[in-house]
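These notes are about the structure you will find just below.
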Amino acid sequence: MNIHEFQAKQILGRFGAPVPKGQAASTPDEAASAFKALGQPKVVVKAQIHAGGRGKAGGVKLLSSADEVRDFAAKLLGKPLVTHQTGPEGRVVRRVYIEEASQVARELYLGMLVDRKAGCVSVIASTEGGMDIEEVAAKTPEKILTEPINPLLGVSGFLARKIAFSLGLKDKQIGQFTALLSALYKAFIETDASLIEINPLVVTADGRVICLDAKMSFDDNGLFRHPDIRELRDANEEDPAETEAAKFDLSYVHLDGNIGCMVNGAGLAMATMDIVKIYGAEPANFLDVGGGASTEKVAAAFRILLSDTRVKGVLINIFGGIMRCDVLAQGVVEAAKQVKLSVPLVVRMEGTNVTEGKKILADSGIKVITASDMADAARRIVKEIGA
């Protein structure tokens, strides 16, 4: 789960990370009041959407009066902001963040993420702050430092100084950076974060090291331990299909293809997407109904698949272990009748009650193609849509 910049700064501030003072606003008048409350000669107004590139898209501006803040907020609020991460449709700005301005001397990059290769949390640091880290990695990989954090030691003084020196920090800045890195790691662990990104981390003209921007993502599986963080979810910023899937405890990820895939188990999902690609088509999603899905859950999954107008055919690939094939078949039939199925449907299923499941499909009256194995299923659905 992702959250907005101002929410990330509130969380990081509670852990002792240095962040500028600011207030969020959802109306132009609230924005003007925030300017007055901050009592600063200049502020930065930032559009709050879950996407980078806001500055280049016109969503960030330095201003010096309440009237200017009100006018700029009025131009942003309620309107889509298009950045290189939003797609051409953009995302509607529902809140702005009014923050005290900082005199920036240097821009750096600092990130912290779950490093599956290292088996721990790693720090990513670079002197190339303000840029996309992916672009830095592609063009100048030597400017990126990656350091794993030993979970038994945490952020040691040695590790912090090593990173600080690589960033060119000096004197008191090294102590500030050490405290900041410790605060970020504590926040990362205690909130079950999956990513913290500070871009840019800046050195101000008076020598302070502060988090000028902040992004946090959280492990959905850990959110049950953090109801306060879970309440920060902004459904407006998420794919409606993924939000709907979450209501039914379905694992759904929207992709760019045109074959809807329903499976049970993450491994089978990956294998199904692979075999669809082998036969020359692209999956439209990753949808895992899990091991013990009910008829209602299967029906909901089917409706979500077909709500994507790009889906030209559906491939259901189920291995019935705990989940019974007759339950799957009942859910498919129920959902197909509700949505008036109009695209080709190929079903491959094996396992518990497979004979009963196939009979339910055969007797249902819906147009369904049964496949003998995974390869047969992929070949048939690709052929049906003419890919």
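Letters for chains follow the order of the structure tokens (A, B, ...), residue numbers begin at 1 for each chain, and ligand numbers begin at 1 in the order shown.
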inquiry  = Which residues are near range 43-59 of chain A? Cut-off 8 Å, only C-alpha atoms, ignore same chain within fewer than 6 positions. Put them as a list in words.
reply    =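 Residues near the query, excluding close chain neighbours: Asn2, Ile3, His4, Glu5, Phe6, Phe35, Val69, Phe72, Ala73, Leu76, Leu81, Val82, Thr83, His84, Gln85, Thr86, Arg91, Val92, Val93, Arg94, Arg95, Val96, Tyr97, Ile98, Glu99, Glu100, Ala101 and Glu237 of chain A.
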key: range 268-379 of chain A: residues DSSP assigns to strand (DSSP E), reported as a list in words   =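 Matching residues, listed in order: Asn285, Phe286, Leu287, Asp288, Gly313, Val314, Leu315, Ile316, Asn317, Ile318, Phe319, Gly320, Leu345, Val346, Val347, Arg348, Met349, Glu350, Gly351, Ile369 and Thr370 of chain A.
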message = Can you tell me which residues surround range 339-351 of chain A at a distance of at most 9 Å, considering only C-alpha atoms, apart from same-chain residues fewer than 3 positions away, and format the answer as a VMD selection string?
response = chain A and resid 303 306 311 to 321 323 to 325 334 to 336 354 to 355 357 to 358 366 to 374 376 to 378 380 to 381 384 to 385
inquiry  = So that I can check the secondary structure, give me every residue of range 179-294 of chain A assigned alpha helix (DSSP H) by backbone DSSP, as an NGL selection string.
reply    = :A and (179-190 or 227-230 or 240-247 or 266-278)
key: Contact residues around Gly130 in chain A with only C-alpha atoms at 9 Å, ignoring same-chain residues under 6 positions, as an MDAnalysis selection string   = chainID A and resid 107:109 199:201
I'd like the contact shell of Ser294 in chain A - 10 Å cut-off, only C-alpha atoms, skipping same-chain residues fewer than 4 positions apart - returned as a compact mmCIF listing (two decimals) with N, CA and C atoms, in the first residue's frame.
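Result went into out.txt, see below:
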```
# COMPACT_ATOMS: atom_id res chain seq x y z
N VAL A 289 -7.18 -16.69 -6.79
CA VAL A 289 -8.34 -16.79 -5.90
C VAL A 289 -8.00 -17.51 -4.60
N GLY A 290 -6.77 -18.04 -4.52
CA GLY A 290 -6.35 -18.70 -3.28
C GLY A 290 -6.74 -20.16 -3.24
N VAL A 298 -15.20 -16.94 -6.22
CA VAL A 298 -14.90 -17.23 -7.63
C VAL A 298 -15.75 -16.35 -8.54
N ALA A 299 -17.01 -16.18 -8.20
CA ALA A 299 -17.89 -15.33 -9.01
C ALA A 299 -17.40 -13.89 -9.02
N ALA A 300 -16.96 -13.40 -7.86
CA ALA A 300 -16.43 -12.03 -7.78
C ALA A 300 -15.18 -11.89 -8.65
N MET A 323 -9.20 -26.42 -2.58
CA MET A 323 -10.31 -25.88 -3.38
C MET A 323 -10.88 -26.98 -4.28
N ARG A 324 -12.20 -27.11 -4.28
CA ARG A 324 -12.83 -28.17 -5.07
C ARG A 324 -13.22 -27.64 -6.45
N VAL A 327 -16.84 -26.47 -6.83
CA VAL A 327 -17.08 -25.11 -6.30
C VAL A 327 -16.65 -24.07 -7.32
N LEU A 328 -15.50 -24.30 -7.93
CA LEU A 328 -15.03 -23.39 -8.98
C LEU A 328 -16.06 -23.32 -10.10
N GLN A 330 -19.23 -23.97 -10.12
CA GLN A 330 -20.46 -23.27 -9.73
C GLN A 330 -20.27 -21.76 -9.75
N GLY A 331 -19.12 -21.30 -9.27
CA GLY A 331 -18.84 -19.86 -9.27
C GLY A 331 -18.73 -19.31 -10.67
```
task = Have a look at A:Ser251, A:Thr204, A:Asn258, A:Thr352 and name the one nearest to Ser102 in chain A; count only C-alpha atoms.
result = A:Thr204
Can you list every residue of range 284-315 of chain A that has an atom at most 9 Å from range 238-245 of chain A, with its nearest atom pair and the distance in Å to one decimal, using only C-alpha atoms, ordered by chain then number, as CSV?
```
residue,atom,partner,partner_atom,distance
A:Leu287,CA,A:Ala245,CA,8.8
A:Ala300,CA,A:Ala245,CA,7.8
A:Ala301,CA,A:Ala245,CA,7.1
A:Ile304,CA,A:Ala241,CA,6.2
A:Leu305,CA,A:Ala241,CA,8.4
A:Ser307,CA,A:Ala241,CA,7.8
A:Asp308,CA,A:Ala241,CA,8.2
```
ask   = Pick the closest to Ala187 in chain A from A:Met112, A:Glu30, A:Lys21, A:Lys337: which is it, counting only C-alpha atoms?
value =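 With only C-alpha atoms as the atom set, the closest residue is A:Met112.
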task = For Ala74 in chain A, list every protein, DNA or RNA residue within 10 Å, evaluated using only C-alpha atoms, and leave out those in the same chain fewer than 2 positions away; present the list as a ChimeraX atom specification.
result = /A:26-29,31,68-72,76-79,96
ask   = Just how far from CA of Arg208 in chain A is CA of Gln23 in chain A, in Å to one decimal?
value =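 For CA of Gln23 in chain A relative to CA of Arg208 in chain A, the distance reads 21.3 Å.
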key: Two-atom distance - CA of Asp115 in chain A, CA of Pro148 in chain A (Å)   =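 Separation of CA of Asp115 in chain A and CA of Pro148 in chain A: 7.8 Å.
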Option closest in space to Lys9 in chain A, from A:Lys247, A:Arg310, A:Lys215, A:Arg233 [counting only C-alpha atoms] =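 Selected residue with least distance to Lys9 in chain A: A:Lys215.
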inquiry  = Residues near Ala183 in chain A, anyone? I mean within 6 Å using only C-alpha atoms, not counting same-chain ones fewer than 4 positions away, as a PyMOL selection string.
reply    = chain A and resi 15-17
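Of the listed residues (A:Cys261, A:Gly365, A:Asp288, A:Ala266), A:Asp288 comes nearest to Phe248 in chain A; the distances count only C-alpha atoms.
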